[in-house]
Each structure stands twice: as structure tokens, then as C-alpha cells.
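Data file: run_32.cif. Format and content: mmCIF, C-alpha atoms.
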data_upload
#
loop_
_atom_site.label_atom_id
_atom_site.label_comp_id
_atom_site.auth_asym_id
_atom_site.auth_seq_id
_atom_site.Cartn_x
_atom_site.Cartn_y
_atom_site.Cartn_z
CA TRP N 1 95.98 13.74 -100.21
CA LYS N 2 97.79 10.49 -100.90
CA ALA N 3 97.23 9.28 -97.35
CA ASP N 4 98.49 5.81 -98.26
CA THR N 5 101.99 7.22 -98.94
CA PHE N 6 102.71 8.83 -95.56
CA ASP N 7 103.58 6.99 -92.37
CA GLU N 8 101.63 9.54 -90.31
CA SER N 9 98.37 8.77 -92.13
CA LYS N 10 98.74 5.13 -93.13
CA GLY N 11 97.59 3.82 -89.74
CA ALA N 12 94.52 6.05 -89.58
CA LEU N 13 93.61 5.20 -93.17
CA LYS N 14 93.87 1.48 -92.46
CA ALA N 15 91.78 1.90 -89.29
CA ALA N 16 89.15 3.82 -91.27
CA GLU N 17 89.00 1.11 -93.91
CA ASP N 18 88.66 -1.60 -91.26
CA ALA N 19 85.93 0.36 -89.45
CA LEU N 20 84.04 0.85 -92.69
CA LYS N 21 84.27 -2.83 -93.48
CA ALA N 22 83.00 -3.68 -89.96
CA ALA N 23 80.10 -1.24 -90.38
CA GLU N 24 79.12 -2.86 -93.67
CA GLN N 25 79.25 -6.34 -92.12
CA SER N 26 77.20 -5.21 -89.09
CA LEU N 27 74.64 -3.60 -91.34
CA ALA N 28 74.42 -6.72 -93.45
CA GLY N 29 73.90 -8.73 -90.26
CA GLY N 30 71.06 -6.50 -89.11
CA GLN N 31 73.11 -4.99 -86.26
CA ALA N 32 72.23 -1.35 -86.84
CA SER N 33 73.67 0.05 -83.62
CA ALA N 34 76.99 -1.71 -84.14
CA ALA N 35 77.05 -0.54 -87.77
CA LEU N 36 76.40 3.03 -86.65
CA ALA N 37 79.23 2.88 -84.13
CA SER N 38 81.69 1.43 -86.68
CA ALA N 39 80.64 4.01 -89.24
CA GLY N 40 81.28 6.80 -86.75
CA ASP N 41 84.71 5.37 -86.02
CA ALA N 42 85.40 5.16 -89.76
CA VAL N 43 84.54 8.85 -90.16
CA LYS N 44 86.75 9.78 -87.23
CA GLN N 45 89.69 7.78 -88.53
CA SER N 46 89.17 9.16 -92.02
CA LYS N 47 89.30 12.72 -90.77
CA GLN N 48 92.44 11.93 -88.84
CA ALA N 49 94.01 10.36 -91.95
CA ILE N 50 93.02 13.37 -94.05
CA ASP N 51 94.45 15.84 -91.56
CA SER N 52 97.73 13.94 -91.25
CA ALA N 53 98.03 13.38 -94.99
CA ARG N 54 97.17 16.98 -95.83
CA THR N 55 99.89 18.24 -93.50
CA ARG N 56 102.50 15.85 -94.89
CA TYR N 57 101.42 16.46 -98.47
CA ALA N 58 101.63 20.22 -97.96
CA ASP N 59 105.09 19.79 -96.50
CA ARG N 60 106.24 17.64 -99.42
CA ILE N 61 104.81 19.75 -102.22
CA ARG N 62 106.14 22.92 -100.59
CA GLU N 63 109.60 21.31 -100.68
CA GLU N 64 109.08 20.45 -104.35
CA ALA N 65 108.14 24.09 -105.01
CA ARG N 66 111.32 25.24 -103.30
CA LYS N 67 113.39 22.91 -105.45
CA ALA N 68 111.54 24.09 -108.54
CA VAL N 69 112.54 27.70 -107.85
CA GLN N 70 116.13 26.57 -107.23
CA VAL N 71 116.08 24.82 -110.58
CA ALA N 72 114.76 28.00 -112.18
CA ARG N 73 117.67 29.94 -110.70
CA ILE N 74 120.20 27.35 -111.89
CA ASN N 75 118.84 27.79 -115.41
CA ASP N 76 118.89 31.61 -115.22
CA GLY N 77 115.10 31.73 -115.10
CA ASP N 78 115.13 35.43 -114.28
CA LYS N 79 116.70 36.01 -117.70
CA GLU N 80 114.76 33.36 -119.61
CA ASN N 81 111.35 34.73 -118.62
CA PRO N 82 111.42 37.43 -115.90
CA GLU N 83 107.63 37.54 -115.60
CA LEU N 84 107.19 33.81 -114.99
CA PHE N 85 110.18 33.77 -112.65
CA LYS N 86 108.67 36.51 -110.49
CA LYS N 87 105.36 34.68 -110.50
CA ALA N 88 107.06 31.48 -109.28
CA GLU N 89 108.88 33.33 -106.50
CA ALA N 90 105.70 35.11 -105.43
CA SER N 91 103.73 31.84 -105.36
CA LEU N 92 106.43 30.21 -103.29
CA GLN N 93 106.32 33.06 -100.79
CA VAL N 94 102.55 32.61 -100.48
CA ALA N 95 103.02 28.86 -99.98
CA GLU N 96 105.51 29.51 -97.17
CA GLU N 97 103.19 31.99 -95.46
CA LYS N 98 100.16 29.69 -95.71
CA TYR N 99 102.15 26.75 -94.36
CA ASN N 100 103.33 28.75 -91.37
CA LYS N 101 99.71 29.65 -90.67
CA GLN N 102 98.79 25.96 -91.01
CA LYS N 103 96.55 26.75 -93.95
CA TYR N 104 97.70 23.62 -95.70
CA GLU N 105 95.25 23.53 -98.55
CA ASP N 106 96.18 27.09 -99.52
CA CYS N 107 99.84 26.12 -99.18
CA ILE N 108 99.30 23.18 -101.51
CA THR N 109 97.55 25.37 -104.08
CA ALA N 110 100.30 28.00 -104.02
CA SER N 111 103.02 25.32 -104.22
CA LYS N 112 101.39 23.81 -107.30
CA GLN N 113 101.21 27.25 -108.88
CA THR N 114 104.93 27.66 -108.22
CA ILE N 115 105.75 24.33 -109.83
CA ASP N 116 103.51 25.05 -112.84
CA ALA N 117 105.16 28.45 -113.35
CA VAL N 118 108.65 26.92 -113.27
CA ASP N 119 107.59 24.15 -115.66
CA GLN N 120 106.32 26.77 -118.12
CA LEU N 121 109.42 28.87 -117.59
CA LEU N 122 111.80 25.97 -118.34
CA ALA N 123 109.75 24.17 -121.00
CA HIS N 124 111.73 25.62 -123.89
CA LEU N 125 115.09 24.90 -122.29
CA LYS N 126 114.04 21.38 -121.36
CA ASN N 127 112.76 20.63 -124.85
CA THR N 128 115.99 21.96 -126.35
CA ALA N 129 118.08 19.84 -123.98
CA VAL N 130 116.01 16.73 -124.70
CA ASN N 131 116.25 17.31 -128.46
CA LYS N 132 120.02 17.73 -128.20
CA LEU N 133 120.21 14.53 -126.20
CA ASP N 134 118.17 12.70 -128.84
CA GLU N 135 120.51 14.03 -131.52
CA LEU N 136 123.49 12.72 -129.58
CA LYS N 137 121.84 9.33 -129.15
CA GLY N 138 121.33 9.23 -132.91
CA LEU N 139 125.04 9.85 -133.41
CA VAL N 140 125.86 7.03 -131.00
CA LYS N 141 123.76 4.71 -133.18
CA GLU N 142 125.65 5.95 -136.24
CA LEU N 143 128.95 5.23 -134.47
CA GLU N 144 127.72 1.71 -133.79
CA LYS N 145 126.62 1.32 -137.40
CA GLN N 146 130.05 2.41 -138.62
CA GLU N 147 131.72 -0.11 -136.27
CA ALA N 148 133.41 2.48 -134.10
CA GLU N 149 134.06 -0.25 -131.50
CA LYS N 150 136.56 -1.69 -134.00
CA TYR N 151 138.01 1.43 -135.60
CA GLN N 152 137.62 4.25 -133.01
CA PRO N 153 136.61 2.62 -129.70
CA GLN N 154 137.34 5.72 -127.62
CA ALA N 155 134.90 7.77 -129.65
CA ILE N 156 131.91 5.57 -128.89
CA VAL N 157 132.91 5.05 -125.26
CA LYS N 158 133.10 8.81 -124.75
CA ALA N 159 129.83 9.41 -126.60
CA LYS N 160 127.99 6.93 -124.39
CA GLU N 161 129.50 8.51 -121.26
CA ASN N 162 128.28 11.89 -122.47
CA VAL N 163 124.77 10.52 -122.96
CA GLU N 164 124.70 9.32 -119.35
CA ASN N 165 126.03 12.63 -118.01
CA ILE N 166 123.52 14.67 -119.99
CA GLU N 167 120.63 12.43 -118.97
CA LYS N 168 121.59 13.06 -115.35
CA LYS N 169 121.73 16.80 -115.96
CA ILE N 170 118.23 16.71 -117.46
CA ASN N 171 116.43 14.14 -115.32
CA VAL N 172 118.17 14.51 -111.95
CA ASP N 173 119.78 17.94 -111.72
CA ARG N 174 117.32 19.57 -114.13
CA ASP N 175 120.18 21.81 -115.19
CA TYR N 176 118.95 22.21 -118.74
CA LYS N 177 121.31 25.01 -119.68
CA GLN N 178 124.35 22.99 -118.71
CA ALA N 179 122.87 19.95 -120.44
CA ILE N 180 122.55 21.97 -123.66
CA ILE N 181 126.16 23.13 -123.42
CA LEU N 182 127.44 19.62 -122.73
CA ALA N 183 125.31 18.20 -125.52
CA GLY N 184 126.70 20.72 -128.00
CA SER N 185 130.28 19.67 -127.24
CA ALA N 186 129.34 16.00 -127.17
CA ILE N 187 127.60 16.22 -130.55
CA THR N 188 130.65 17.82 -132.14
CA ALA N 189 132.91 15.16 -130.62
CA ALA N 190 130.62 12.36 -131.80
CA GLN N 191 130.48 13.80 -135.31
CA ASP N 192 134.28 13.98 -135.36
CA GLY N 193 134.35 10.40 -134.10
CA ILE N 194 132.13 9.29 -136.98
CA VAL N 195 134.43 10.98 -139.49
CA GLU N 196 137.52 9.40 -137.90
CA THR N 197 135.80 6.02 -137.83
CA LYS N 198 134.99 6.25 -141.53
CA LYS N 199 138.54 7.41 -142.22
CA SER N 200 140.06 4.45 -140.36
CA LYS N 201 137.65 2.06 -142.01
CA ALA N 202 138.35 3.48 -145.47
CA ASN N 203 142.09 3.41 -144.82
CA LEU N 204 141.99 -0.28 -143.92
CA GLU N 205 139.90 -1.09 -146.98
CA MET N 206 142.30 0.85 -149.23
CA ARG N 207 145.31 -0.98 -147.80
CA ASN N 208 143.60 -4.33 -148.34
CA ILE N 209 142.87 -3.44 -151.96
CA GLU N 210 146.43 -2.23 -152.46
CA SER N 211 147.69 -5.52 -151.03
CA LYS N 212 145.50 -7.48 -153.43
CA ILE N 213 146.77 -5.51 -156.42
CA ALA N 214 150.35 -6.18 -155.27
CA GLU N 215 149.44 -9.87 -155.01
CA ALA N 216 148.17 -9.82 -158.59
CA ARG N 217 151.37 -8.12 -159.75
CA ALA N 218 153.43 -10.76 -157.95
CA ASP N 219 151.48 -13.37 -159.94
CA GLU N 220 152.55 -11.48 -163.09
CA ALA N 221 149.21 -9.85 -163.86
CA ALA N 222 151.11 -7.46 -166.12
CA ILE N 223 151.79 -10.44 -168.39
CA TYR N 224 148.66 -12.54 -168.03
CA THR N 225 145.87 -9.98 -167.39
CA PRO N 226 147.28 -6.55 -168.31
CA ASP N 227 143.90 -4.98 -169.14
CA ARG N 228 142.32 -6.06 -165.86
CA LEU N 229 145.39 -4.86 -163.94
CA ALA N 230 145.30 -1.46 -165.62
CA ALA N 231 141.56 -1.07 -164.92
CA ALA N 232 141.98 -2.02 -161.26
CA GLU N 233 144.91 0.34 -160.74
CA THR N 234 143.04 3.21 -162.39
CA ALA N 235 140.00 2.62 -160.17
CA TYR N 236 142.29 2.42 -157.13
CA GLN N 237 143.94 5.74 -157.96
CA GLU N 238 140.53 7.40 -158.38
CA LEU N 239 139.44 6.01 -155.04
CA MET N 240 142.66 7.20 -153.43
CA ALA N 241 141.97 10.71 -154.71
CA ASN N 242 138.60 10.64 -152.96
CA TYR N 243 140.26 9.38 -149.78
CA LEU N 244 142.85 12.16 -149.82
CA ASN N 245 140.02 14.68 -150.28
CA ASN N 246 138.33 13.26 -147.15
CA GLN N 247 135.43 11.88 -149.18
CA PHE N 248 135.19 8.84 -146.94
CA ASP N 249 131.52 8.13 -147.66
CA THR N 250 132.30 7.96 -151.36
CA VAL N 251 135.25 5.65 -150.69
CA LEU N 252 133.23 3.30 -148.52
CA ASN N 253 130.39 3.23 -151.05
CA LEU N 254 132.74 2.32 -153.91
CA VAL N 255 134.98 -0.11 -152.00
CA PRO N 256 132.75 -3.20 -152.40
CA GLN N 257 132.73 -2.82 -156.18
CA LEU N 258 136.52 -2.34 -156.36
CA LYS N 259 137.14 -5.22 -153.95
CA GLN N 260 135.19 -7.54 -156.23
CA GLN N 261 137.09 -6.20 -159.24
CA VAL N 262 140.44 -6.80 -157.56
CA GLU N 263 139.43 -10.26 -156.32
CA GLU N 264 138.55 -11.18 -159.90
CA LEU N 265 141.89 -9.76 -161.04
CA VAL N 266 143.78 -11.96 -158.57
CA THR N 267 141.74 -15.05 -159.43
CA VAL N 268 141.93 -14.67 -163.21
CA THR N 269 145.65 -13.85 -163.02
CA ARG N 270 146.26 -16.94 -160.92
CA ILE N 271 144.28 -19.07 -163.37
CA GLU N 272 146.15 -17.76 -166.38
CA ALA N 273 149.53 -18.01 -164.67
CA THR N 274 148.80 -21.58 -163.59
CA LYS N 275 147.61 -22.55 -167.07
CA ASP N 276 150.84 -21.14 -168.48
CA LYS N 277 152.98 -23.06 -166.00
CA ILE N 278 151.12 -26.28 -166.74
CA ALA N 279 151.59 -25.69 -170.48
CA THR N 280 155.29 -25.04 -169.89
CA VAL N 281 155.62 -28.33 -168.00
CA GLU N 282 153.86 -30.12 -170.87
CA LYS N 283 156.28 -28.58 -173.41
CA SER N 284 159.26 -29.40 -171.24
CA ILE N 285 158.22 -33.05 -170.96
CA LYS N 286 157.80 -33.26 -174.75
CA THR N 287 161.23 -31.72 -175.29
CA LEU N 288 162.84 -34.17 -172.88
CA LYS N 289 161.16 -37.11 -174.57
CA ASP N 290 162.16 -35.85 -178.02
CA GLU N 291 165.77 -35.94 -176.81
CA ASP N 292 165.31 -39.46 -175.36
CA VAL N 293 166.21 -38.22 -171.91
CA GLN N 294 164.09 -40.98 -170.36
CA VAL N 295 166.45 -43.50 -171.96
CA HIS N 296 169.55 -42.01 -170.38
CA LEU N 297 167.88 -40.92 -167.12
CA PRO N 298 165.20 -43.53 -166.46
CA GLY N 299 162.43 -42.53 -164.05
CA ARG N 300 163.22 -38.83 -164.06
CA VAL N 301 160.71 -37.74 -166.70
CA GLU N 302 158.07 -39.86 -164.99
CA VAL N 303 158.45 -37.66 -161.89
CA MET N 304 157.56 -34.62 -164.00
CA GLU N 305 154.62 -36.44 -165.54
CA LYS N 306 153.28 -37.29 -162.09
CA LEU N 307 153.58 -33.65 -160.99
CA LEU N 308 151.86 -32.57 -164.22
CA GLU N 309 149.00 -34.98 -163.57
CA GLU N 310 148.60 -33.64 -160.02
CA ALA N 311 148.71 -30.03 -161.26
CA ARG N 312 145.95 -30.73 -163.80
CA SER N 313 143.81 -32.45 -161.16
CA TYR N 314 144.09 -29.53 -158.71
CA PHE N 315 143.42 -27.06 -161.52
CA ASN N 316 140.25 -28.88 -162.56
CA ASN N 317 139.07 -28.71 -158.93
CA ASN N 318 139.69 -24.94 -158.86
CA ASP N 319 142.59 -25.26 -156.41
CA PHE N 320 144.79 -22.97 -158.46
CA ASP N 321 147.35 -22.28 -155.74
CA THR N 322 148.20 -25.97 -155.29
CA ALA N 323 148.04 -26.54 -159.04
CA LYS N 324 150.55 -23.73 -159.56
CA GLU N 325 152.74 -25.16 -156.81
CA LYS N 326 152.78 -28.61 -158.44
CA ALA N 327 153.51 -27.11 -161.86
CA SER N 328 156.37 -25.11 -160.36
CA GLU N 329 157.75 -28.29 -158.80
CA GLY N 330 157.55 -29.86 -162.24
CA LEU N 331 159.59 -27.02 -163.74
CA ILE N 332 162.14 -27.29 -160.93
CA GLU N 333 162.43 -30.99 -161.67
CA ASN N 334 162.86 -30.12 -165.35
CA ASP N 335 165.81 -27.87 -164.49
CA ARG N 336 167.37 -30.67 -162.44
CA ILE N 337 166.92 -33.15 -165.28
CA ILE N 338 168.51 -30.77 -167.76
CA VAL N 339 171.50 -30.27 -165.46
CA ALA N 340 171.80 -34.03 -164.94
CA PHE N 341 171.42 -34.69 -168.67
CA ASP N 342 174.03 -32.03 -169.53
CA ASN N 343 176.41 -33.55 -167.01
CA LEU N 344 175.77 -36.99 -168.50
CA THR N 345 176.33 -35.67 -172.01
CA GLN N 346 179.54 -33.94 -170.96
CA LYS N 347 180.80 -37.15 -169.33
CA THR N 348 179.92 -39.12 -172.45
CA ILE N 349 181.86 -36.62 -174.56
CA GLU N 350 184.81 -36.78 -172.19
CA ASP N 351 184.70 -40.58 -172.20
CA ALA N 352 184.58 -40.58 -175.98
CA GLU N 353 187.48 -38.15 -176.23
CA PHE N 354 189.45 -40.32 -173.82
CA ALA N 355 188.67 -43.42 -175.84
CA VAL N 356 189.67 -41.71 -179.09
CA GLY N 357 192.90 -40.52 -177.52
CA THR N 358 193.69 -44.00 -176.26
CA ALA N 359 192.97 -45.51 -179.66
CA ARG N 360 195.22 -42.96 -181.34
CA GLN N 361 198.05 -43.72 -178.99
CA THR N 362 197.66 -47.45 -179.56
CA LEU N 363 197.60 -46.98 -183.33
CA GLU N 364 200.75 -44.91 -183.21
CA LYS N 365 202.55 -47.66 -181.31
CA VAL N 366 201.48 -50.24 -183.85
CA GLU N 367 202.80 -48.14 -186.69
#
Translate the structure of the given file into C-alpha cells.
Amino acid sequence: WKADTFDESKGALKAAEDALKAAEQSLAGGQASAALASAGDAVKQSKQAIDSARTRYADRIREEARKAVQVARINDGDKENPELFKKAEASLQVAEEKYNKQKYEDCITASKQTIDAVDQLLAHLKNTAVNKLDELKGLVKELEKQEAEKYQPQAIVKAKENVENIEKKINVDRDYKQAIILAGSAITAAQDGIVETKKSKANLEMRNIESKIAEARADEAAIYTPDRLAAAETAYQELMANYLNNQFDTVLNLVPQLKQQVEELVTVTRIEATKDKIATVEKSIKTLKDEDVQVHLPGRVEVMEKLLEEARSYFNNNDFDTAKEKASEGLIENDRIIVAFDNLTQKTIEDAEFAVGTARQTLEKVE
């Protein structure tokens, strides 16, 4: 009767245990009369503990039976299984009658029958509710896998709240019907959240790829890597068609491959563009030297040569951005040298024309 759980019987149970222990010690010590007295006390205390525990246990299990019938009503038990519902109500009535007549063992038996009938009655509903809850928990894991915290945080927050609410409905309220209804709505919301998460994720990936293609175009991929550019743009358009048709799984599955393709496009374009700029600087230096610019503008060509050397060094170390930057600086310096050289040439021409004019005037005076 679970005497150790009730305050009314704990004391008597402890006294019975102590009396039994004393009887055993007395018997072991050869004190038969003392052992007999302690044993009698142990029996008395045990009976008292049993009586107290039985009464309290009957009271408690009768209350559990009442709650079980209430739970059955909440879940429309009379409609789910009319026969079992009537059986539960009838057993509860017997339990009440037996309790009032202080027939506690009969009350306990009838209460257990009530609880068993309700458990059978609600087994299907409970299993359905639990299965729905498990399905929802699976969707929460999928939301986590799809990084909903990053792309659709509200969806996963709401899904987790729904899990808690439904668990309470099942384990505390035992309102399985309501749990099933809530789970149905929550499952639909979680599924929508997964779709929206994938959509947001795919959208971000598509924009990143589009940005990379634009970067390649800015680096003049149309000139340096036209075939790669065309292939990447075609693949992007095909992927965009899938995105517009809400085929987000397909998009996300193909994104890694296209990202690699586009990264290679950007890298190869940058390499080819940088090589071209370096070659242009080399040609420009040769042209300047062929025109003896270094003679008329000492030190200027050397600046370009230094920039060319730096560009080559960065290129050989795979730092293509800096190499391109240095090559571009070299070409800018080339433009400045040409302007300076043109200005110098123009001044030389003007000086020569002035000198010729002066000589002509002097000659005319002599004549």
C-alpha cells in the first residue's frame, strides 16, 4: 500500500521496522520473552501502518480515477468508445460507493479498473498525439539543419514553442484531441518555415553568385575568358529558373557546383587580365626606350620598371589583385610620361621655331 509515501503511515511503518529489528536482536541474544514482546509490537505497528496506508492509498487512487474520467470527457471519450467510457464511469461509481462504506480494498480495485478503462479508451488518441509531436520535433531538427536561426528565426522559435505547448497538452493536461489539433497546425507552420528558410537561403546564394559574375564582368571576363563567362551565365540562368519555380532543394543542391565554377571564372579572369596589364606595361616600357624617353626624362622610365618588377613578383606569389594594381600604376605612370614627353617635344619644337625665326630676322638685317 505504499506505506512509506504517506505521512499517516510513515510513523507506524518506522515503529514496526524498529520493533522487528529489536525482536531479532533479542532473539539473537537469547532473550525469548523480550523478542516475543517486540515481535508483537511489530505486528501491531504493521497493521496500523497497513490500515493507514490503505485508507490514504484508496483516497489517492480514487482521486486519480476521478481525474481519469475527467480526461476521458475532455477527449470526448463517450464518442471515441462509448462502451469503454460507460465502463469507466460505472467503475468510478463503484469506487465511490466502496470508499464511502470504508471498503478500501474494493475501492482501490474499482479505481484501478476505471483508470485501466480510460487508458484503453484514450490509447489511440494518445498514440496519435505522440506521433504528431514526434513529427513536429523532426521538423524542428530539419529547421535547425537548414539554419533557420539565420534565415527564418521566427519559424524555429515558434516551432519550439509549439513543441512545449503540445508536450504540456499530452503529459500534463492529457488533452490529446487538442494536442492533435495543435500539432496539425504546428506541423503545417513548420513545413512552411522550412520552405521559407530554403527560399531565403537559396536567394542569398543566388545573389552571391550574381555578384561574383558581375565581378568577373568588371574584370573584363568578356574579353579574357568569354567561354567561361558564357558557361557560368547559362548555368546561373538555369538555376534562376529553378528558383522561380520554387525548386529550392534543386537550387541548394546545385549551388556548390556553380559557386566553384564562378569562383574559377573570377580567378582565371583576374589572372588573364593581370597578365595582359603586365604585358602592356612591358610593351610600353619598350616603346618609351625605343624613343629614348629616358634620355630626355631621366628616372621616369625607371619608375615604370620598378612597378613592373613589383607586379611580376606579386603575380608569381598568386597575389593577382596587388599585381594588377601595380601594373595599373605602371600604365598610369606611362600616360604621365607620354604627356610629359609630348610637352617636352612641343617645347623643343617651339624653341626651334623661335630660334629659326630669330636667325631669319638676323639674316635679313645683314642683307
Please provide as a PyMOL selection string all residues within 10 Å of Lys103 (chain N), with the sequence filter that same-chain residues fewer than 5 positions apart are discarded (counting all atoms listed in the file).
chain N and resi 54-55+58+95-98+108
Would you mind telling me which residue in N:Asn317, N:Ile278, N:Ala186, N:Leu297 lies nearest to Asn343 (chain N) when using only C-alpha atoms?
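Using only C-alpha atoms, the shortest distance to Asn343 (chain N) belongs to N:Leu297.
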If the PyMOL selection byres ((chain N and resi 169) around 12) is run on the structure shown, which residues does it catch, given as a ChimeraX atom specification?
/N:71,74-75,126,129-130,133,162-168,170-183
Determine, counting all atoms listed in the file, which protein, DNA and RNA residues have an atom within 7 Å of an atom of region 214-223 of chain N; residues of the same chain fewer than 2 positions away are not included. Present the result as a PyMOL selection string.
chain N and resi 210-212+225-226+229+265-266+269-270+273
If we count only C-alpha atoms, what is near Ala90 (chain N) at a cut-off of 12 Å, once residues fewer than 3 positions away on the same chain are taken out, given as a list of chain:residue names?
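Counting only C-alpha atoms, the residues come to N:Ala65, N:Arg66, N:Val69, N:Glu83, N:Leu84, N:Phe85, N:Lys86, N:Lys87, N:Gln93, N:Val94, N:Ala95, N:Glu96, N:Glu97, N:Ala110, N:Ser111, N:Gln113, N:Thr114, N:Ile115, N:Ala117, N:Val118.
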CA of Glu263 (chain N) sits from CA of Ala235 (chain N) at a separation of 13.5 Å
Have a look at N:Val295, N:Ile338, N:Met240, N:Leu92 and name the one nearest to Val255 (chain N); count all atoms listed in the file.
N:Met240
What lies within 10 Å of region 143-150 of chain N using all atoms listed in the file, ignoring chain neighbours under 2 positions off, as a VMD selection string?
chain N and resid 137 to 141 152 to 157 159 190 to 191 193 to 198 200 to 201
Expressed in Å to a single decimal, how great is the separation between CA of Val281 (chain N) and CA of Val293 (chain N)?
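One can read the CA of Val281 (chain N) to CA of Val293 (chain N) distance as 15.0 Å.
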Measure the distance from CA of Met304 (chain N) to CA of Asn316 (chain N) in Å and round it to one decimal.
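So the answer is 18.3 Å.
Taking all atoms listed in the file into account, Asn246 (chain N) lies nearest to N:Lys199 out of the set N:His124, N:Lys199, N:Lys101, N:Lys132.
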Near Glu309 (chain N), within 10 Å and counting only C-alpha atoms, which residues show up once chain neighbours fewer than 6 positions away are dropped, as a list of chain:residue names?
N:Ile278, N:Val303, N:Phe315, N:Ala323, N:Lys326, N:Ala327
Counting all atoms listed in the file, the residue among N:Ile61, N:Leu136, N:Leu258, N:Ala72 that lies closest to Tyr104 (chain N) is N:Ile61
Let me make sure I understand: among N:Leu125, N:Ile285, N:Val262, N:Val251, which one has the smallest atom-to-atom distance to Leu204 (chain N) if we use all atoms listed in the file?
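Under the stated criterion, the closest residue is N:Val251.
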Please, could all heavy atoms be added to region 233-241 of chain N and the result written as a CSV table (one decimal), in the frame of the given file?
chain,number,residue,atom,x,y,z
N,233,GLU,N,144.0,-0.7,-161.2
N,233,GLU,CA,144.9,0.3,-160.7
N,233,GLU,C,144.3,1.7,-161.0
N,233,GLU,O,144.5,2.6,-160.1
N,233,GLU,CB,146.3,0.2,-161.4
N,233,GLU,CG,147.1,-1.0,-160.9
N,233,GLU,CD,148.4,-1.1,-161.5
N,233,GLU,OE1,148.6,-0.7,-162.6
N,233,GLU,OE2,149.3,-1.7,-160.8
N,234,THR,N,143.7,1.9,-162.1
N,234,THR,CA,143.0,3.2,-162.4
N,234,THR,C,141.9,3.5,-161.4
N,234,THR,O,141.8,4.6,-160.8
N,234,THR,CB,142.5,3.2,-163.8
N,234,THR,OG1,143.5,3.1,-164.8
N,234,THR,CG2,141.7,4.5,-164.1
N,235,ALA,N,141.1,2.5,-161.1
N,235,ALA,CA,140.0,2.6,-160.2
N,235,ALA,C,140.6,2.9,-158.8
N,235,ALA,O,140.0,3.7,-158.0
N,235,ALA,CB,139.1,1.4,-160.2
N,236,TYR,N,141.7,2.2,-158.4
N,236,TYR,CA,142.3,2.4,-157.1
N,236,TYR,C,142.8,3.9,-157.0
N,236,TYR,O,142.6,4.5,-155.9
N,236,TYR,CB,143.4,1.4,-157.0
N,236,TYR,CG,144.2,1.7,-155.7
N,236,TYR,CD1,143.7,1.2,-154.4
N,236,TYR,CD2,145.4,2.3,-155.7
N,236,TYR,CE1,144.4,1.5,-153.3
N,236,TYR,CE2,146.1,2.5,-154.5
N,236,TYR,CZ,145.6,2.1,-153.3
N,236,TYR,OH,146.3,2.3,-152.2
N,237,GLN,N,143.4,4.4,-158.0
N,237,GLN,CA,143.9,5.7,-158.0
N,237,GLN,C,142.8,6.8,-157.8
N,237,GLN,O,142.9,7.7,-157.1
N,237,GLN,CB,144.8,6.0,-159.2
N,237,GLN,CG,146.1,5.3,-159.3
N,237,GLN,CD,147.0,5.5,-158.1
N,237,GLN,OE1,147.0,6.6,-157.6
N,237,GLN,NE2,147.7,4.5,-157.7
N,238,GLU,N,141.7,6.5,-158.5
N,238,GLU,CA,140.5,7.4,-158.4
N,238,GLU,C,140.0,7.4,-157.0
N,238,GLU,O,139.6,8.4,-156.4
N,238,GLU,CB,139.5,7.0,-159.4
N,238,GLU,CG,139.9,7.2,-160.8
N,238,GLU,CD,138.9,6.7,-161.8
N,238,GLU,OE1,137.9,6.0,-161.4
N,238,GLU,OE2,139.0,7.0,-163.0
N,239,LEU,N,139.9,6.2,-156.4
N,239,LEU,CA,139.4,6.0,-155.0
N,239,LEU,C,140.4,6.7,-154.0
N,239,LEU,O,139.9,7.3,-153.1
N,239,LEU,CB,139.3,4.5,-154.7
N,239,LEU,CG,138.2,4.2,-153.7
N,239,LEU,CD1,136.9,4.7,-154.1
N,239,LEU,CD2,138.2,2.7,-153.4
N,240,MET,N,141.7,6.6,-154.3
N,240,MET,CA,142.7,7.2,-153.4
N,240,MET,C,142.5,8.7,-153.5
N,240,MET,O,142.7,9.4,-152.4
N,240,MET,CB,144.1,6.8,-153.9
N,240,MET,CG,145.2,7.4,-153.0
N,240,MET,SD,145.1,7.1,-151.3
N,240,MET,CE,145.6,5.4,-151.2
N,241,ALA,N,142.2,9.3,-154.6
N,241,ALA,CA,142.0,10.7,-154.7
N,241,ALA,C,140.8,11.1,-153.8
N,241,ALA,O,140.9,12.2,-153.1
N,241,ALA,CB,141.7,11.1,-156.2
